[in-house]
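Asks: I'm passing along work_3.tsv; it holds TSV, C-alpha atoms.
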```tsv
chain	number	residue	atom	x	y	z
A	451	MET	CA	59.29	121.32	145.64
A	452	THR	CA	59.94	122.84	142.23
A	453	LEU	CA	61.55	121.01	139.34
A	454	ASP	CA	64.58	122.72	137.80
A	455	PRO	CA	65.45	121.00	134.51
A	456	GLY	CA	68.27	123.47	133.83
A	457	ALA	CA	70.08	122.68	137.07
A	458	ALA	CA	69.49	118.96	136.60
A	459	TRP	CA	70.98	119.14	133.09
A	460	ASP	CA	74.01	121.03	134.39
A	461	ALA	CA	74.49	118.40	137.08
A	462	ALA	CA	74.29	115.60	134.50
A	463	THR	CA	76.70	117.18	132.00
A	464	GLY	CA	79.01	118.23	134.83
A	465	SER	CA	79.42	114.63	135.92
A	466	PRO	CA	82.36	112.64	134.50
A	467	VAL	CA	79.82	110.01	133.46
A	468	PHE	CA	78.70	112.37	130.68
A	469	GLY	CA	82.13	112.37	129.03
A	470	VAL	CA	82.62	108.62	129.44
A	471	LEU	CA	79.17	107.84	128.07
A	472	LEU	CA	79.49	110.24	125.13
A	473	THR	CA	82.93	108.83	124.20
A	474	LEU	CA	81.73	105.22	124.34
A	475	ALA	CA	78.49	105.96	122.48
A	476	ALA	CA	80.29	107.90	119.74
A	477	TYR	CA	82.87	105.12	119.34
A	478	GLN	CA	80.16	102.44	119.22
A	479	ALA	CA	78.36	104.45	116.53
A	480	GLY	CA	81.67	104.78	114.67
A	481	ARG	CA	82.24	101.02	114.82
A	482	THR	CA	78.71	100.25	113.66
A	483	ALA	CA	79.14	102.63	110.73
A	484	TRP	CA	82.52	101.06	109.93
A	485	HIS	CA	81.10	97.51	109.92
A	486	ARG	CA	78.00	98.51	107.92
A	487	THR	CA	80.19	100.04	105.19
A	488	GLY	CA	82.27	96.87	104.90
A	489	ARG	CA	85.11	98.42	106.98
A	490	HIS	CA	85.61	101.28	104.57
A	491	PRO	CA	88.78	103.18	105.60
A	492	LEU	CA	87.06	106.55	105.15
A	493	VAL	CA	84.51	105.56	107.79
A	494	ASN	CA	87.28	105.25	110.37
A	495	PRO	CA	85.77	104.75	113.85
A	496	VAL	CA	87.98	107.43	115.46
A	497	LEU	CA	87.11	109.94	112.76
A	498	VAL	CA	83.36	109.27	113.06
A	499	ALA	CA	83.50	109.29	116.87
A	500	VAL	CA	85.46	112.57	117.02
A	501	LEU	CA	82.98	114.26	114.67
A	502	LEU	CA	80.02	112.95	116.70
A	503	VAL	CA	81.52	114.16	119.99
A	504	GLY	CA	82.12	117.57	118.36
A	505	VAL	CA	78.52	117.77	117.15
A	506	VAL	CA	77.06	116.71	120.51
A	507	LEU	CA	79.24	119.18	122.44
A	508	TRP	CA	78.23	121.95	120.08
A	509	ALA	CA	74.52	121.08	120.27
A	510	THR	CA	74.49	120.72	124.06
A	511	ARG	CA	76.81	123.71	124.64
A	512	VAL	CA	79.01	121.68	126.93
A	513	ASP	CA	82.58	122.91	126.65
A	514	TYR	CA	85.51	120.67	125.86
A	515	ALA	CA	87.11	121.06	129.31
A	516	GLU	CA	83.90	119.80	130.93
A	517	TYR	CA	83.66	116.85	128.52
A	518	LEU	CA	87.28	116.00	129.30
A	519	GLU	CA	86.40	115.35	132.96
A	520	GLY	CA	85.02	112.03	131.71
A	521	GLY	CA	87.03	111.83	128.50
A	522	ARG	CA	90.26	111.76	130.46
A	523	LEU	CA	89.08	108.63	132.30
A	524	VAL	CA	88.80	106.81	128.96
A	525	ALA	CA	92.14	108.18	127.74
A	526	LEU	CA	93.79	106.94	130.95
A	527	LEU	CA	93.73	103.43	129.46
A	528	LEU	CA	96.05	104.60	126.69
A	529	GLY	CA	98.99	103.94	129.05
A	530	PRO	CA	98.33	100.24	129.71
A	531	ALA	CA	97.22	99.80	126.07
A	532	THR	CA	100.61	101.07	124.89
A	533	VAL	CA	102.32	98.62	127.25
A	534	ALA	CA	100.06	95.88	125.83
A	535	LEU	CA	101.60	96.41	122.35
A	536	ALA	CA	104.40	94.21	123.68
A	537	TRP	CA	102.11	91.20	123.13
A	538	PRO	CA	101.81	91.34	119.30
A	539	LEU	CA	105.47	92.35	119.23
A	540	HIS	CA	106.39	89.29	121.29
A	541	GLN	CA	104.47	87.02	118.91
A	542	GLU	CA	106.28	88.50	115.91
A	543	LEU	CA	109.67	88.71	117.57
A	544	PRO	CA	111.52	86.27	115.26
A	545	LEU	CA	110.32	88.27	112.24
A	546	VAL	CA	111.25	91.56	113.92
A	547	ARG	CA	114.74	90.29	114.80
A	548	ARG	CA	115.45	89.35	111.21
A	549	ALA	CA	114.32	92.81	110.06
A	550	ALA	CA	116.21	94.75	112.77
A	551	VAL	CA	118.38	96.74	110.33
A	552	PRO	CA	115.51	97.81	108.03
A	553	VAL	CA	113.40	98.72	111.07
A	554	LEU	CA	116.08	100.91	112.63
A	555	GLY	CA	117.09	102.46	109.31
A	556	ALA	CA	113.50	103.31	108.38
A	557	VAL	CA	112.74	104.79	111.81
A	558	VAL	CA	115.91	106.89	112.08
A	559	VAL	CA	115.70	108.31	108.54
A	560	GLY	CA	111.88	108.48	108.45
A	561	SER	CA	111.50	110.36	111.72
A	562	GLY	CA	114.30	112.77	110.75
A	563	ILE	CA	112.48	113.53	107.49
A	564	ALA	CA	109.21	113.89	109.43
A	565	VAL	CA	110.66	116.56	111.72
A	566	ALA	CA	112.63	118.37	108.98
A	567	SER	CA	109.77	118.45	106.47
A	568	ALA	CA	107.29	119.60	109.14
A	569	VAL	CA	109.48	122.58	110.04
A	570	VAL	CA	110.44	123.44	106.45
A	571	VAL	CA	106.96	123.23	104.88
A	572	THR	CA	105.18	125.01	107.74
A	573	GLY	CA	107.88	127.71	107.87
A	574	LEU	CA	108.12	128.30	104.11
A	575	LEU	CA	104.34	128.65	103.79
A	576	GLY	CA	104.39	131.52	106.25
A	577	GLY	CA	103.53	129.70	109.45
A	578	GLY	CA	106.26	131.51	111.37
A	579	GLU	CA	108.57	130.18	114.04
A	580	LEU	CA	105.83	129.32	116.55
A	581	LEU	CA	103.81	127.10	114.21
A	582	ALA	CA	106.94	125.46	112.74
A	583	LEU	CA	107.99	124.52	116.28
A	584	THR	CA	104.48	123.29	117.01
A	585	MET	CA	104.42	121.10	113.87
A	586	ALA	CA	107.91	119.61	114.41
A	587	PRO	CA	107.03	116.75	116.84
A	588	LYS	CA	103.71	115.70	115.23
A	589	SER	CA	104.88	112.19	114.24
A	590	ALA	CA	105.61	111.18	117.84
A	591	THR	CA	102.81	109.69	119.89
A	592	THR	CA	100.66	112.32	121.65
A	593	PRO	CA	102.32	112.44	125.13
A	594	VAL	CA	105.76	112.82	123.51
A	595	SER	CA	104.68	115.44	120.98
A	596	ILE	CA	103.15	117.49	123.81
A	597	ALA	CA	106.33	117.24	125.92
A	598	LEU	CA	108.54	118.14	122.93
A	599	ALA	CA	106.38	121.17	122.07
A	600	GLU	CA	106.68	122.34	125.69
A	601	ASP	CA	110.46	121.97	125.69
A	602	ASN	CA	111.09	123.56	122.33
A	603	GLY	CA	108.72	126.52	122.50
A	604	GLY	CA	105.75	125.30	120.46
A	605	LEU	CA	102.07	125.30	121.42
A	606	PRO	CA	101.50	121.97	123.24
A	607	ALA	CA	97.70	121.90	122.83
A	608	LEU	CA	97.96	122.51	119.09
A	609	SER	CA	100.77	119.93	118.78
A	610	ALA	CA	98.40	117.40	120.38
A	611	VAL	CA	95.70	118.23	117.83
A	612	LEU	CA	98.11	118.06	114.87
A	613	THR	CA	99.38	114.71	116.15
A	614	ILE	CA	95.87	113.30	116.37
A	615	VAL	CA	95.03	114.56	112.88
A	616	ALA	CA	98.25	113.00	111.51
A	617	GLY	CA	97.08	109.77	113.14
A	618	ILE	CA	93.60	109.88	111.62
A	619	LEU	CA	95.07	110.84	108.24
A	620	GLY	CA	97.26	107.73	108.40
A	621	ALA	CA	94.49	105.39	109.50
A	622	VAL	CA	92.15	106.68	106.79
A	623	THR	CA	94.49	107.08	103.81
A	624	GLY	CA	97.73	105.28	104.77
A	625	PRO	CA	96.73	101.71	103.78
A	626	TRP	CA	95.17	102.97	100.53
A	627	PHE	CA	98.21	105.12	99.71
A	628	LEU	CA	100.62	102.21	100.29
A	629	SER	CA	98.47	99.83	98.22
A	630	ARG	CA	98.47	102.32	95.36
A	631	LEU	CA	102.27	102.30	95.51
A	632	ARG	CA	102.16	98.48	95.58
A	633	VAL	CA	103.76	98.25	98.99
A	634	GLU	CA	102.27	94.91	100.04
A	635	ASP	CA	104.85	93.70	102.59
A	636	ALA	CA	102.99	93.73	105.95
A	637	ARG	CA	106.22	94.60	107.77
A	638	VAL	CA	106.83	97.69	105.62
A	639	ARG	CA	103.18	98.79	105.76
A	640	GLY	CA	103.19	98.57	109.54
A	641	LEU	CA	106.53	100.35	109.88
A	642	ALA	CA	105.51	103.25	107.64
A	643	VAL	CA	102.06	103.80	109.14
A	644	GLY	CA	103.33	103.42	112.73
A	645	LEU	CA	106.04	105.99	112.01
A	646	ALA	CA	103.85	108.61	110.33
A	647	SER	CA	100.67	108.01	112.35
A	648	HIS	CA	101.70	106.58	115.77
A	649	GLY	CA	98.95	104.89	117.85
A	650	ILE	CA	95.94	105.67	115.65
A	651	GLY	CA	97.78	104.27	112.65
A	652	THR	CA	98.87	101.27	114.74
A	653	ALA	CA	95.25	100.58	115.72
A	654	GLN	CA	94.37	100.47	112.01
A	655	MET	CA	97.32	98.18	111.20
A	656	LEU	CA	96.30	95.77	114.00
A	657	HIS	CA	93.07	95.28	112.05
A	658	GLU	CA	95.06	94.63	108.86
A	659	SER	CA	97.24	91.81	110.24
A	660	ARG	CA	99.13	90.80	113.36
A	661	THR	CA	102.45	91.32	111.57
A	662	ALA	CA	101.51	94.80	110.36
A	663	GLY	CA	100.22	95.66	113.85
A	664	ALA	CA	103.38	94.43	115.59
A	665	PHE	CA	105.66	96.40	113.26
A	666	ALA	CA	103.47	99.48	113.59
A	667	GLY	CA	103.58	99.31	117.40
A	668	LEU	CA	107.34	98.86	117.36
A	669	SER	CA	107.75	101.68	114.86
A	670	MET	CA	105.56	103.96	116.98
A	671	GLY	CA	107.68	103.32	120.09
A	672	LEU	CA	111.00	103.82	118.28
A	673	THR	CA	109.68	106.92	116.50
A	674	ALA	CA	108.78	108.50	119.86
A	675	LEU	CA	112.39	107.98	120.90
A	676	ALA	CA	113.94	109.10	117.59
A	677	THR	CA	111.71	112.19	117.35
A	678	SER	CA	112.75	113.35	120.80
A	679	ILE	CA	116.37	113.15	119.63
A	680	TRP	CA	115.77	114.76	116.21
A	681	VAL	CA	113.65	117.74	117.34
A	682	PRO	CA	116.30	119.48	119.50
A	683	LEU	CA	118.97	118.72	116.84
A	684	LEU	CA	117.09	119.86	113.72
A	685	VAL	CA	114.85	122.65	114.98
A	686	PRO	CA	117.60	125.20	115.88
A	687	VAL	CA	119.24	124.65	112.48
A	688	LEU	CA	116.15	124.67	110.27
A	689	VAL	CA	113.86	127.24	111.89
A	690	PRO	CA	116.13	130.28	111.15
A	691	LEU	CA	116.43	129.14	107.52
A	692	VAL	CA	112.70	129.03	106.80
A	693	THR	CA	111.13	131.77	108.93
B	919	MET	CA	92.01	89.71	134.45
B	920	ILE	CA	93.06	91.69	137.57
B	921	ARG	CA	96.44	90.01	137.46
B	922	GLY	CA	96.83	91.05	133.81
B	923	LEU	CA	95.92	94.67	134.56
B	924	LEU	CA	98.38	94.65	137.46
B	925	VAL	CA	101.16	93.52	135.13
B	926	LEU	CA	100.34	96.19	132.51
B	927	LEU	CA	100.00	99.02	135.04
B	928	GLY	CA	103.08	97.81	136.90
B	929	CYS	CA	105.17	97.92	133.70
B	930	GLN	CA	103.82	101.40	132.92
B	931	LEU	CA	104.62	102.72	136.39
B	932	VAL	CA	108.14	101.28	136.38
B	933	GLY	CA	108.54	102.76	132.88
B	934	GLU	CA	107.47	106.19	134.14
B	935	LEU	CA	109.82	105.87	137.07
B	936	LEU	CA	112.74	105.01	134.77
B	937	ALA	CA	111.92	107.84	132.35
B	938	ALA	CA	111.86	110.38	135.20
B	939	LEU	CA	114.94	108.94	136.85
B	940	LEU	CA	117.02	108.98	133.68
B	941	GLY	CA	115.52	112.24	132.37
B	942	LEU	CA	114.45	110.53	129.14
B	943	HIS	CA	111.92	112.02	126.76
B	944	VAL	CA	110.37	108.65	126.14
B	945	PRO	CA	106.90	108.22	127.61
B	946	GLY	CA	106.63	105.80	130.54
B	947	PRO	CA	104.23	103.50	128.65
B	948	VAL	CA	106.73	103.05	125.79
B	949	LEU	CA	109.43	101.98	128.27
B	950	GLY	CA	106.74	99.84	129.91
B	951	MET	CA	106.19	98.13	126.54
B	952	VAL	CA	109.88	97.25	126.41
B	953	LEU	CA	109.72	95.93	130.00
B	954	LEU	CA	106.67	93.79	129.22
B	955	LEU	CA	108.38	92.44	126.11
B	956	GLY	CA	111.26	91.29	128.32
B	957	LEU	CA	108.82	89.79	130.79
B	958	LEU	CA	106.91	87.92	128.05
B	959	THR	CA	110.13	86.56	126.57
B	960	TRP	CA	111.21	85.35	130.01
B	961	ARG	CA	107.91	83.91	131.32
B	962	ARG	CA	106.29	82.84	128.01
B	963	PRO	CA	102.64	83.03	129.21
B	964	GLY	CA	100.01	80.93	127.43
B	965	PRO	CA	97.20	82.49	125.37
B	966	ALA	CA	94.73	82.09	128.27
B	967	SER	CA	96.82	84.01	130.79
B	968	GLY	CA	95.46	87.25	132.26
B	969	VAL	CA	98.05	89.54	130.75
B	970	VAL	CA	97.39	88.20	127.24
B	971	ARG	CA	93.61	88.44	127.55
B	972	VAL	CA	93.71	91.99	128.95
B	973	SER	CA	96.24	93.06	126.28
B	974	GLU	CA	94.13	91.67	123.47
B	975	GLY	CA	91.01	93.31	124.89
B	976	LEU	CA	92.67	96.72	125.16
B	977	LEU	CA	94.26	96.53	121.71
B	978	ARG	CA	90.99	95.52	120.06
B	979	HIS	CA	89.61	98.91	121.10
B	980	LEU	CA	92.80	100.97	120.92
B	981	GLN	CA	91.07	103.52	118.66
B	982	LEU	CA	88.51	104.34	121.36
B	983	LEU	CA	91.24	105.74	123.58
B	984	PHE	CA	92.15	108.50	121.08
B	985	VAL	CA	88.63	109.92	120.82
B	986	PRO	CA	88.83	112.34	123.79
B	987	ALA	CA	92.08	113.96	122.58
B	988	GLY	CA	90.78	114.01	119.00
B	989	ALA	CA	87.71	115.99	120.03
B	990	GLY	CA	90.15	118.74	121.07
B	991	VAL	CA	90.34	119.66	117.37
B	992	PHE	CA	87.13	121.65	117.74
B	993	SER	CA	88.52	123.86	120.49
B	994	SER	CA	91.53	124.78	118.29
B	995	LEU	CA	89.48	125.61	115.17
B	996	THR	CA	89.98	129.40	115.41
B	997	LEU	CA	93.74	128.99	115.73
B	998	ILE	CA	93.83	126.50	112.84
B	999	GLY	CA	91.56	128.69	110.70
B	1000	ALA	CA	93.87	131.68	111.15
B	1001	SER	CA	96.85	129.79	109.68
B	1002	ALA	CA	95.09	127.12	107.68
B	1003	VAL	CA	97.53	126.98	104.73
B	1004	PRO	CA	100.82	126.39	106.60
B	1005	LEU	CA	99.15	124.07	109.11
B	1006	VAL	CA	97.20	121.89	106.71
B	1007	ALA	CA	99.86	121.77	104.00
B	1008	GLY	CA	102.64	121.32	106.56
B	1009	LEU	CA	100.80	118.44	108.18
B	1010	VAL	CA	99.75	116.62	105.01
B	1011	LEU	CA	103.02	117.03	103.09
B	1012	SER	CA	105.21	116.20	106.05
B	1013	TRP	CA	103.03	113.18	106.89
B	1014	GLY	CA	103.34	111.94	103.30
B	1015	ALA	CA	107.10	112.53	103.24
B	1016	ALA	CA	107.53	110.57	106.48
B	1017	LEU	CA	105.36	107.66	105.26
B	1018	LEU	CA	107.13	107.43	101.89
B	1019	THR	CA	110.61	107.75	103.38
B	1020	ALA	CA	109.96	105.06	106.00
B	1021	ALA	CA	108.46	102.67	103.43
B	1022	GLY	CA	111.24	103.41	100.91
B	1023	VAL	CA	114.11	102.94	103.34
B	1024	ALA	CA	112.57	99.75	104.77
B	1025	LEU	CA	112.03	98.25	101.30
B	1026	LEU	CA	115.54	99.16	100.23
B	1027	LEU	CA	117.14	97.63	103.31
B	1028	LEU	CA	114.94	94.51	103.17
B	1029	ARG	CA	115.92	93.91	99.57
B	1030	TRP	CA	119.57	94.62	100.12
B	1031	ARG	CA	119.93	92.06	102.94
B	1032	PRO	CA	118.93	88.83	101.18
B	1033	ALA	CA	120.94	89.85	98.10
B	1034	LYS	CA	124.01	90.17	100.26
B	1035	GLU	CA	123.40	86.87	102.02
B	1036	GLY	CA	122.84	85.12	98.70
B	1037	ALA	CA	126.08	86.43	97.18
```
If you convert what's in this file into structure tokens, what do you get?
Replies:
Amino acid sequence: MTLDPGAAWDAATGSPVFGVLLTLAAYQAGRTAWHRTGRHPLVNPVLVAVLLVGVVLWATRVDYAEYLEGGRLVALLLGPATVALAWPLHQELPLVRRAAVPVLGAVVVGSGIAVASAVVVTGLLGGGELLALTMAPKSATTPVSIALAEDNGGLPALSAVLTIVAGILGAVTGPWFLSRLRVEDARVRGLAVGLASHGIGTAQMLHESRTAGAFAGLSMGLTALATSIWVPLLVPVLVPLVT
Amino acid sequence: MIRGLLVLLGCQLVGELLAALLGLHVPGPVLGMVLLLGLLTWRRPGPASGVVRVSEGLLRHLQLLFVPAGAGVFSSLTLIGASAVPLVAGLVLSWGAALLTAAGVALLLLRWRPAKEGA
């Protein structure tokens, strides 16, 4: 019998366990770093974990598709976790009911501005029609932004990436940005971060307070809905103007 | 625990069914969230019930679930590098505009309401 380390390595990295293990290990490292730095927003666990996964994949020459065999098993829980956002929302329901008009107003106007500004800025800076279309749905949560990019002629894979980056941007800088502007109301902070940064922003707001988390989750859900209405309305009007 | 997972997955599946049936562009899980909210309002489960414990467990580690999709950034680096200016500026500026607009509109409407009620 001869030992073949190369084949053994390929078998190990080819197994879904590799992706699951790498994702969990990177996230645990991200959390440890986050706690050790006194929960510094820049040391966001998702950001650290994503960078670590990138470094490990590069160093081990495992490609992303292979990693995703396991990664997709972890991401599968995103469905039930989204459903679970009903729990903080339920606990905050009296507060949400009283703020129904501000919530709806902020989501309708905010998501319209998100779509319009994405198309206009990307188009005016020379991104062309394709990238403007790809940028348009980036405020909606990942499954919606992918579906909207498919329907409207963008690049779905790039829309997914832009959406994730918008999420990390919001988790890392959103709370700081709002504090600088002296926006202290937990309801408003949650609404704004949930709108601009969907689930990743919501995860951050859940750590800030239950109220902020509930409003962020609600805002994320409503923004998914509003964005899917705004994109087909605004894109045909704005794209010809800026490209 | 199993009961809680069954409730969450059941809501998600019914949500996906409804979205497909009605041709809505809302993801199944978001409709599932609305369904669960209705269920929670109706049944009022205690803090020790399965659905509450599973929900809290999942939400505590919500960030973990975005890591696999986030790592996709590295496989799009060439595409991003080729159009870095419109992509980065478009993303950052539009993100900021959305955040500020949402916060501004919410603050305005929250302030306007009590003033009206007090008048």
Asks: Please report as JSON lines every residue of chain B lying within 7 Å of chain A, along with the nearest atom pair and their distance in Å (one decimal), using only C-alpha atoms.
Replies:
```
{"residue": "B:Leu926", "atom": "CA", "partner": "A:Pro530", "partner_atom": "CA", "distance": 5.3}
{"residue": "B:Leu927", "atom": "CA", "partner": "A:Pro530", "partner_atom": "CA", "distance": 5.7}
{"residue": "B:Gln930", "atom": "CA", "partner": "A:Pro530", "partner_atom": "CA", "distance": 6.5}
{"residue": "B:His943", "atom": "CA", "partner": "A:Ser678", "partner_atom": "CA", "distance": 6.2}
{"residue": "B:Val944", "atom": "CA", "partner": "A:Leu675", "partner_atom": "CA", "distance": 5.7}
{"residue": "B:Pro945", "atom": "CA", "partner": "A:Val594", "partner_atom": "CA", "distance": 6.3}
{"residue": "B:Pro947", "atom": "CA", "partner": "A:Gly529", "partner_atom": "CA", "distance": 5.3}
{"residue": "B:Val948", "atom": "CA", "partner": "A:Gly671", "partner_atom": "CA", "distance": 5.8}
{"residue": "B:Gly950", "atom": "CA", "partner": "A:Val533", "partner_atom": "CA", "distance": 5.3}
{"residue": "B:Met951", "atom": "CA", "partner": "A:Val533", "partner_atom": "CA", "distance": 4.0}
{"residue": "B:Val952", "atom": "CA", "partner": "A:Ala536", "partner_atom": "CA", "distance": 6.8}
{"residue": "B:Leu954", "atom": "CA", "partner": "A:Ala536", "partner_atom": "CA", "distance": 6.0}
{"residue": "B:Leu955", "atom": "CA", "partner": "A:Ala536", "partner_atom": "CA", "distance": 5.0}
{"residue": "B:Leu958", "atom": "CA", "partner": "A:His540", "partner_atom": "CA", "distance": 6.9}
{"residue": "B:Val970", "atom": "CA", "partner": "A:Trp537", "partner_atom": "CA", "distance": 6.9}
{"residue": "B:Ser973", "atom": "CA", "partner": "A:Ala534", "partner_atom": "CA", "distance": 4.8}
{"residue": "B:Leu976", "atom": "CA", "partner": "A:Ala531", "partner_atom": "CA", "distance": 5.6}
{"residue": "B:Leu977", "atom": "CA", "partner": "A:Ala531", "partner_atom": "CA", "distance": 6.2}
{"residue": "B:Leu980", "atom": "CA", "partner": "A:Ala653", "partner_atom": "CA", "distance": 5.8}
{"residue": "B:Gln981", "atom": "CA", "partner": "A:Ala653", "partner_atom": "CA", "distance": 5.9}
{"residue": "B:Leu982", "atom": "CA", "partner": "A:Tyr477", "partner_atom": "CA", "distance": 6.0}
{"residue": "B:Leu983", "atom": "CA", "partner": "A:Ala525", "partner_atom": "CA", "distance": 4.9}
{"residue": "B:Phe984", "atom": "CA", "partner": "A:Ala525", "partner_atom": "CA", "distance": 6.7}
{"residue": "B:Val985", "atom": "CA", "partner": "A:Val500", "partner_atom": "CA", "distance": 5.6}
{"residue": "B:Pro986", "atom": "CA", "partner": "A:Gly521", "partner_atom": "CA", "distance": 5.1}
{"residue": "B:Gly988", "atom": "CA", "partner": "A:Ile614", "partner_atom": "CA", "distance": 5.8}
{"residue": "B:Ala989", "atom": "CA", "partner": "A:Val500", "partner_atom": "CA", "distance": 5.1}
{"residue": "B:Gly990", "atom": "CA", "partner": "A:Val611", "partner_atom": "CA", "distance": 6.4}
{"residue": "B:Val991", "atom": "CA", "partner": "A:Val611", "partner_atom": "CA", "distance": 5.6}
{"residue": "B:Phe992", "atom": "CA", "partner": "A:Gly504", "partner_atom": "CA", "distance": 6.5}
{"residue": "B:Ser993", "atom": "CA", "partner": "A:Tyr514", "partner_atom": "CA", "distance": 6.9}
{"residue": "B:Ser994", "atom": "CA", "partner": "A:Leu608", "partner_atom": "CA", "distance": 6.9}
{"residue": "B:Ser1001", "atom": "CA", "partner": "A:Gly577", "partner_atom": "CA", "distance": 6.7}
{"residue": "B:Pro1004", "atom": "CA", "partner": "A:Thr572", "partner_atom": "CA", "distance": 4.7}
{"residue": "B:Leu1005", "atom": "CA", "partner": "A:Thr572", "partner_atom": "CA", "distance": 6.3}
{"residue": "B:Gly1008", "atom": "CA", "partner": "A:Thr572", "partner_atom": "CA", "distance": 4.6}
{"residue": "B:Leu1009", "atom": "CA", "partner": "A:Ala568", "partner_atom": "CA", "distance": 6.7}
{"residue": "B:Ser1012", "atom": "CA", "partner": "A:Ala568", "partner_atom": "CA", "distance": 5.0}
{"residue": "B:Trp1013", "atom": "CA", "partner": "A:Ala646", "partner_atom": "CA", "distance": 5.8}
{"residue": "B:Ala1015", "atom": "CA", "partner": "A:Ala564", "partner_atom": "CA", "distance": 6.7}
{"residue": "B:Ala1016", "atom": "CA", "partner": "A:Ala564", "partner_atom": "CA", "distance": 4.7}
{"residue": "B:Leu1017", "atom": "CA", "partner": "A:Ala642", "partner_atom": "CA", "distance": 5.0}
{"residue": "B:Thr1019", "atom": "CA", "partner": "A:Gly560", "partner_atom": "CA", "distance": 5.3}
{"residue": "B:Ala1020", "atom": "CA", "partner": "A:Ala556", "partner_atom": "CA", "distance": 4.6}
{"residue": "B:Ala1021", "atom": "CA", "partner": "A:Ala642", "partner_atom": "CA", "distance": 5.2}
{"residue": "B:Val1023", "atom": "CA", "partner": "A:Ala556", "partner_atom": "CA", "distance": 5.1}
{"residue": "B:Ala1024", "atom": "CA", "partner": "A:Pro552", "partner_atom": "CA", "distance": 4.8}
{"residue": "B:Leu1025", "atom": "CA", "partner": "A:Val638", "partner_atom": "CA", "distance": 6.8}
{"residue": "B:Leu1027", "atom": "CA", "partner": "A:Pro552", "partner_atom": "CA", "distance": 5.0}
{"residue": "B:Leu1028", "atom": "CA", "partner": "A:Pro552", "partner_atom": "CA", "distance": 5.9}
```
Asks: Applying 10 Å and all atoms listed in the file, which residues near Leu924 in chain B remain after dropping the ones on its own chain fewer than 4 positions away? List them as a list in words.
Replies: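 What passes the distance filter is Pro530 of chain A; Met919, Ile920, Gly928, Cys929, Gln930, Gly968 and Val969 of chain B.
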Asks: Tell me, in Å to one decimal, how far CA of Val687 in chain A is from CA of Ala599 in chain A.
Replies: 16.4 Å
Asks: Report, in Å with one decimal, the straight-line distance from CA of Leu935 in chain B to CA of Leu953 in chain B.
Replies: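 Distance reported for this atom pair: 12.2 Å.
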Asks: Which value, in Å to one decimal, gives the distance between CA of Gly1014 in chain B and CA of Val622 in chain A?
Replies: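 Rounded to one decimal, the two atoms are 12.8 Å apart.
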Asks: Go ahead and fit an axis-aligned box to every listed atom of range 1013-1029 of chain B plus 6 Å each side, and pass me the centre and edge lengths in Å, one decimal, as lines of an AutoDock Vina configuration file.
Replies:
```
center_x = 110.1
center_y = 103.5
center_z = 103.2
size_x = 26.1
size_y = 31.3
size_z = 19.3
```
Asks: A:Leu688, A:Ala475, A:Ala636, A:Leu580: which is nearest Glu658 in chain A, counting all atoms listed in the file?
Replies: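 Smallest separation from Glu658 in chain A among the options: A:Ala636.
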